[in-house]
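Colleague: Take a look at this one; I'll ask things after.
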Amino acid sequence: MRFSSRISGIQKSVIRELYDKAPPDAINLGLGEPDLFPPEVIRAEAVRVIEQERNGYTPNAGLAELRRRVALSYGSEDPERVCITTGSQEALFLSLLALVEPGDEVLIPNPGFVAYPVVVRLAGGQPVPYRLAADAGFALHADEVARAVTPRTRGIILNSPSNPTGQCLSSSALREVASLATAHGLFILSDEIYRELYYGDRPPSLSEGSVEGLVISGLSKSMCMTGWRLGWACGEPETIRRMTVLHQYVTTCAPAVSQKAAVQAFTQEGESARAEIRQQLADRRRCMLEGLAALGLACLPPEGAFYAFADVGKFGTSLALAERLLAHGVITVPGSAFGTEGEGYLRLSFSVDEALIREGLRRIGEALRKT
C-alpha cells in the first residue's frame, strides 16, 4: 500500500507511547483531562434533549443560540464570528487548512502543545519554533517571535495558558505580538482552551486586543467535557465562513446533544459550576506544588491549566527519566516532547484526585532516590 507524503514521519505522540507502555496499576500524572464529572446542569440538559428531542444534524456552523453565546463571551453579538467544531483540535486543523499554503512557515511556541507542529505539517506548512525560554520563566517576548519571522512566515500560533508550562501571556505581550503580526501581514491563532482555568487574574484573550485574530477554544477542559467533543473558532466572519465549509466536509457538524447541553455552560448556573471546578483544581495545584517542593524539585507555579512543569535536569534527560518513572508506576510526560526548551523538565498533571497526586509523588521520590 502506498501512503501519502503528508503523513510521512508522523507518529503517535510520546505522551501516548508512554501511556500505552504503562503498567495497569500506574498512576497517571500525564493526564490531559480533569477526572471530574461535567457539571450537573450540563448533564441534566443532555439527558433531557436525548429523551425529548430529535437530535439530527445541526447547521454546519453550529446552533445559532450556542454561537451567539460563544460570541458574547468574546465581546461580540455576531454569531457569524463563530463556528462550533468537534473539539478545539478540529478548530485548529480547520484554521490552518484555511490559512496556510504549501511551504508557508507558521511560528509555534517552544515549548508548546505536541499537536502544533504536526497539524501545521498536515496543512502543508512548515512549523518554526519561537523560544519561551526557561531562564525567562517561559514568558513570551515579542523579540523572540520577531527573530523567527522570515519572508515565508504566514502566521503565529499562541497558547495561553500554556500546555505544558501553565504560564499565561500578558496583555502587553499580546499587544506586541499583534503589532508584529500586523506589520508583517501575518495571521494570529490563539489557542485559549485553558483560559477559564486560572489561579489568579483571568488571563487576557487575543480577542480583547486584535479584531483580526482567530481564537480557538471549547469546553473540554474548563467544563470537564473532553469526550463530548465541543469546541469552536471565533474570528473575522469571512475566515469563519471558509472554515465552516471545510468543517462541513470533515465532520458535518459537532454532536447535536453536546451543542444543546453546552448552552448551559453560559448560564449563571454554568458559571458557578465552572468556578467550583477551578477551586477543586486550585486545591490540587497546591497539593502538587507542596509535594514537588518536599522532593526538592523546582517548579514555576502555573498561572493556569492543570500542569506543573518541574525542573528535573539534574537527573538526566527528561525522556529517560520519564521511562524510569514508568517502571515505578507513574506516568509523566518528558519536557522534550514539547520542544527543545522543554528538555530538563517533566510535565505533571494535577487533574487527578489529591490522594493519587500524593502517591504519585511518593513513587517519584522513591525513584529519584535510586538514580
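Following the order of the C-alpha cells, chains are lettered A, B, ..., residues in each are numbered from 1, and ligands are numbered from 1.
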Report as a tab-separated table the residues of range 159-223 of chain A within 8 Å of range 277-282 of chain A, each with its shortest atom pair and distance in Å (one decimal), using only C-alpha atoms, ordered by chain and increasing residue number.
Modeller:
```
residue	atom	partner	partner_atom	distance
A:Glu196	CA	A:Arg278	CA	8.0
A:Leu197	CA	A:Arg278	CA	5.8
A:Tyr198	CA	A:Arg278	CA	7.0
A:Tyr199	CA	A:Ala282	CA	6.5
A:Ser222	CA	A:Ile277	CA	7.4
A:Met223	CA	A:Ile277	CA	7.5
```
Colleague: Write out as an MDAnalysis selection string each polymer residue whose atoms come within 8 Å of Thr332 in chain A, counting only C-alpha atoms; drop sequence neighbours fewer than 3 positions from it.
Modeller: chainID A and resid 18 28:30 322 325:326 346:349
Colleague: From the options A:Glu192, A:Glu101, A:Glu65, A:Glu290, which residue's atoms come nearest to Arg358 in chain A, counting only C-alpha atoms?
Modeller: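 Going through A:Glu192, A:Glu101, A:Glu65, A:Glu290 one by one, the smallest distance to Arg358 in chain A is for A:Glu290.
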Colleague: Name the residues in contact with range 229-243 of chain A at a cut-off of 7 Å, using only C-alpha atoms, excluding same-chain residues fewer than 3 positions from it; report them as a PDB file with C-alpha atoms, in the first residue's frame.
Modeller:
```pdb
ATOM      1  CA  GLU A  80     -21.234  34.825  12.239  1.00  0.00           C
ATOM      2  CA  ARG A  81     -17.916  35.161  14.062  1.00  0.00           C
ATOM      3  CA  VAL A  82     -18.229  31.611  15.463  1.00  0.00           C
ATOM      4  CA  CYS A  83     -18.030  28.080  14.086  1.00  0.00           C
ATOM      5  CA  ILE A  84     -18.764  25.253  16.527  1.00  0.00           C
ATOM      6  CA  THR A  85     -16.360  22.371  15.936  1.00  0.00           C
ATOM      7  CA  THR A  86     -15.809  18.799  17.050  1.00  0.00           C
ATOM      8  CA  GLY A  87     -13.398  19.787  19.796  1.00  0.00           C
ATOM      9  CA  SER A  88     -10.850  22.590  19.679  1.00  0.00           C
ATOM     10  CA  ALA A  91     -10.822  24.117  15.022  1.00  0.00           C
ATOM     11  CA  LEU A  94      -9.589  23.782  10.009  1.00  0.00           C
ATOM     12  CA  SER A  95      -7.976  27.152  10.665  1.00  0.00           C
ATOM     13  CA  ALA A  98      -7.960  27.616   5.551  1.00  0.00           C
ATOM     14  CA  GLU A 212      -8.364  40.119  13.169  1.00  0.00           C
ATOM     15  CA  GLY A 213      -7.012  37.380  15.431  1.00  0.00           C
ATOM     16  CA  LEU A 214      -8.550  33.913  15.479  1.00  0.00           C
ATOM     17  CA  VAL A 215      -9.327  32.355  18.873  1.00  0.00           C
ATOM     18  CA  ILE A 216      -9.895  28.630  19.300  1.00  0.00           C
ATOM     19  CA  SER A 217     -11.282  27.130  22.482  1.00  0.00           C
ATOM     20  CA  GLY A 218     -14.010  24.868  23.837  1.00  0.00           C
ATOM     21  CA  LEU A 219     -15.436  23.216  26.931  1.00  0.00           C
ATOM     22  CA  SER A 220     -13.254  20.112  27.115  1.00  0.00           C
ATOM     23  CA  THR A 226     -13.339  16.079  26.796  1.00  0.00           C
ATOM     24  CA  LEU A 246     -14.202  22.779   5.409  1.00  0.00           C
ATOM     25  CA  HIS A 247     -15.976  21.714   8.606  1.00  0.00           C
ATOM     26  CA  ALA A 254     -20.379  18.980  16.110  1.00  0.00           C
ATOM     27  CA  SER A 258     -23.244  18.241  23.076  1.00  0.00           C
ATOM     28  CA  GLN A 259     -24.165  21.537  21.419  1.00  0.00           C
TER      29      GLN A 259
END
```
Colleague: Can you pull out every residue from range 40-196 of chain A that DSSP, working from the backbone, puts in alpha helix (DSSP H), and format the result as a count of residues only?
Modeller: 64
Colleague: With only C-alpha atoms as the atoms that count, which of A:Ala64, A:Leu321, A:Ala71, A:Ile157 lies nearest to Lys370 in chain A?
Modeller: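 Of A:Ala64, A:Leu321, A:Ala71, A:Ile157, the one nearest Lys370 in chain A, counting only C-alpha atoms, is A:Leu321.
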Colleague: Go through A:Ser76, A:Gln11, A:Gln126, A:Ser4 and flag the residue nearest Ser207 in chain A, using only C-alpha atoms for the distances.
Modeller: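 Ranking A:Ser76, A:Gln11, A:Gln126, A:Ser4 by distance to Ser207 in chain A, first place goes to A:Ser76.
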Colleague: Please list as a ChimeraX atom specification every residue within 7 Å of Gly112 in chain A, counting only C-alpha atoms and excluding residues in the same chain fewer than 6 positions away.
Modeller: /A:163-164,338-339
Colleague: What is the distance, in Å and to one decimal place, between CA of Ala337 in chain A and CA of Phe138 in chain A?
Modeller: 15.7 Å
Colleague: Go through range 74-312 of chain A and collect every residue that DSSP, computed from the backbone, puts in strand (DSSP E); the answer should be as a VMD selection string.
Modeller: chain A and resid 82 to 85 105 to 110 126 to 131 153 to 159 187 to 191 214 to 218 231 to 234 307 to 311
Colleague: Go through A:Phe315, A:Phe309, A:Phe350, A:Tyr19 one by one, measure the shortest atom-to-atom distance of each to Ala134 in chain A using only C-alpha atoms, and give the residue with the smallest value.
Modeller: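 For Ala134 in chain A, the nearest of the given residues is A:Phe309.
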Colleague: For Gly209 in chain A, please output as JSON, numbers by chain all residues within 9 Å (counting only C-alpha atoms; exclusion window: fewer than 6 positions along the same chain).
Modeller: {"A": [171, 174, 175, 178]}
Colleague: Counting only C-alpha atoms, figure out which residue out of A:Leu132, A:Pro127, A:Arg48, A:Val70 gets nearest to Gln167 in chain A.
Modeller: A:Leu132
Colleague: Between CA of Val352 in chain A and CA of Arg274 in chain A, what is the distance, to one decimal in Å?
Modeller: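 Between CA of Val352 in chain A and CA of Arg274 in chain A the gap works out to 16.7 Å.
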Colleague: Leaving out Leu297 in chain A and any residue of its chain fewer than 2 positions from it, which residues lie within 12 Å of it when counting only C-alpha atoms, given as number ranges by chain?
Modeller: A: 288-295, 299-301, 308-315, 344-346, 348, 361, 364-365, 368
Colleague: Let's have the selection written as a compact mmCIF listing (two decimals), in the first residue's frame, with N, CA and C atoms.
Modeller:
```
# COMPACT_ATOMS: atom_id res chain seq x y z
N MET A 288 0.09 19.54 44.58
CA MET A 288 1.20 19.21 43.68
C MET A 288 2.44 20.05 43.99
N LEU A 289 2.26 21.35 44.14
CA LEU A 289 3.40 22.24 44.38
C LEU A 289 4.07 21.95 45.72
N GLU A 290 3.26 21.68 46.73
CA GLU A 290 3.84 21.34 48.04
C GLU A 290 4.62 20.03 47.96
N GLY A 291 4.07 19.07 47.23
CA GLY A 291 4.75 17.79 47.09
C GLY A 291 6.06 17.90 46.32
N LEU A 292 6.06 18.70 45.25
CA LEU A 292 7.29 18.89 44.49
C LEU A 292 8.36 19.59 45.32
N ALA A 293 7.93 20.58 46.09
CA ALA A 293 8.88 21.29 46.96
C ALA A 293 9.49 20.34 47.98
N ALA A 294 8.68 19.43 48.53
CA ALA A 294 9.19 18.46 49.51
C ALA A 294 10.22 17.52 48.88
N LEU A 295 10.11 17.30 47.57
CA LEU A 295 11.08 16.46 46.87
C LEU A 295 12.30 17.25 46.40
N CYS A 299 9.75 24.30 40.60
CA CYS A 299 8.64 24.39 39.65
C CYS A 299 8.06 25.79 39.70
N LEU A 300 8.00 26.47 38.57
CA LEU A 300 7.36 27.77 38.49
C LEU A 300 5.87 27.56 38.67
N PRO A 301 5.23 28.17 39.67
CA PRO A 301 3.81 27.93 39.90
C PRO A 301 2.98 28.23 38.65
N ALA A 308 2.00 21.11 36.13
CA ALA A 308 3.20 21.62 36.77
C ALA A 308 4.38 21.18 35.92
N PHE A 309 5.26 22.11 35.60
CA PHE A 309 6.42 21.83 34.75
C PHE A 309 7.64 21.86 35.67
N ALA A 310 8.05 20.67 36.10
CA ALA A 310 9.06 20.55 37.15
C ALA A 310 10.46 20.39 36.56
N ASP A 311 11.42 21.07 37.17
CA ASP A 311 12.81 21.04 36.74
C ASP A 311 13.47 19.77 37.27
N VAL A 312 13.83 18.87 36.34
CA VAL A 312 14.45 17.60 36.71
C VAL A 312 15.77 17.41 35.97
N GLY A 313 16.38 18.53 35.52
CA GLY A 313 17.57 18.44 34.69
C GLY A 313 18.73 17.71 35.32
N LYS A 314 18.82 17.72 36.64
CA LYS A 314 19.96 17.06 37.31
C LYS A 314 19.85 15.54 37.30
N PHE A 315 18.72 15.01 36.80
CA PHE A 315 18.53 13.56 36.81
C PHE A 315 18.70 12.93 35.43
N GLY A 344 14.83 18.84 30.18
CA GLY A 344 15.20 19.05 31.57
C GLY A 344 14.00 19.24 32.48
N TYR A 345 12.80 19.10 31.91
CA TYR A 345 11.57 19.28 32.70
C TYR A 345 10.65 18.07 32.51
N LEU A 346 9.77 17.89 33.47
CA LEU A 346 8.69 16.91 33.35
C LEU A 346 7.37 17.65 33.50
N LEU A 348 3.76 17.37 34.85
CA LEU A 348 2.97 16.58 35.79
C LEU A 348 1.58 17.19 35.86
N LEU A 361 3.65 11.26 43.67
CA LEU A 361 4.87 11.96 44.07
C LEU A 361 5.72 11.10 45.01
N ILE A 364 7.58 8.88 42.76
CA ILE A 364 8.62 9.64 42.07
C ILE A 364 9.81 9.86 42.99
N GLY A 365 9.54 10.22 44.25
CA GLY A 365 10.63 10.41 45.21
C GLY A 365 11.43 9.14 45.40
N LEU A 368 13.61 8.69 42.34
CA LEU A 368 14.72 9.64 42.28
C LEU A 368 15.83 9.28 43.26
```
Colleague: So, with only C-alpha atoms as the atoms that count, which of A:Glu77, A:Ile331, A:Ser351, A:Arg152 lies closest to Pro24 in chain A?
Modeller: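 Smallest separation from Pro24 in chain A among the options: A:Ile331.
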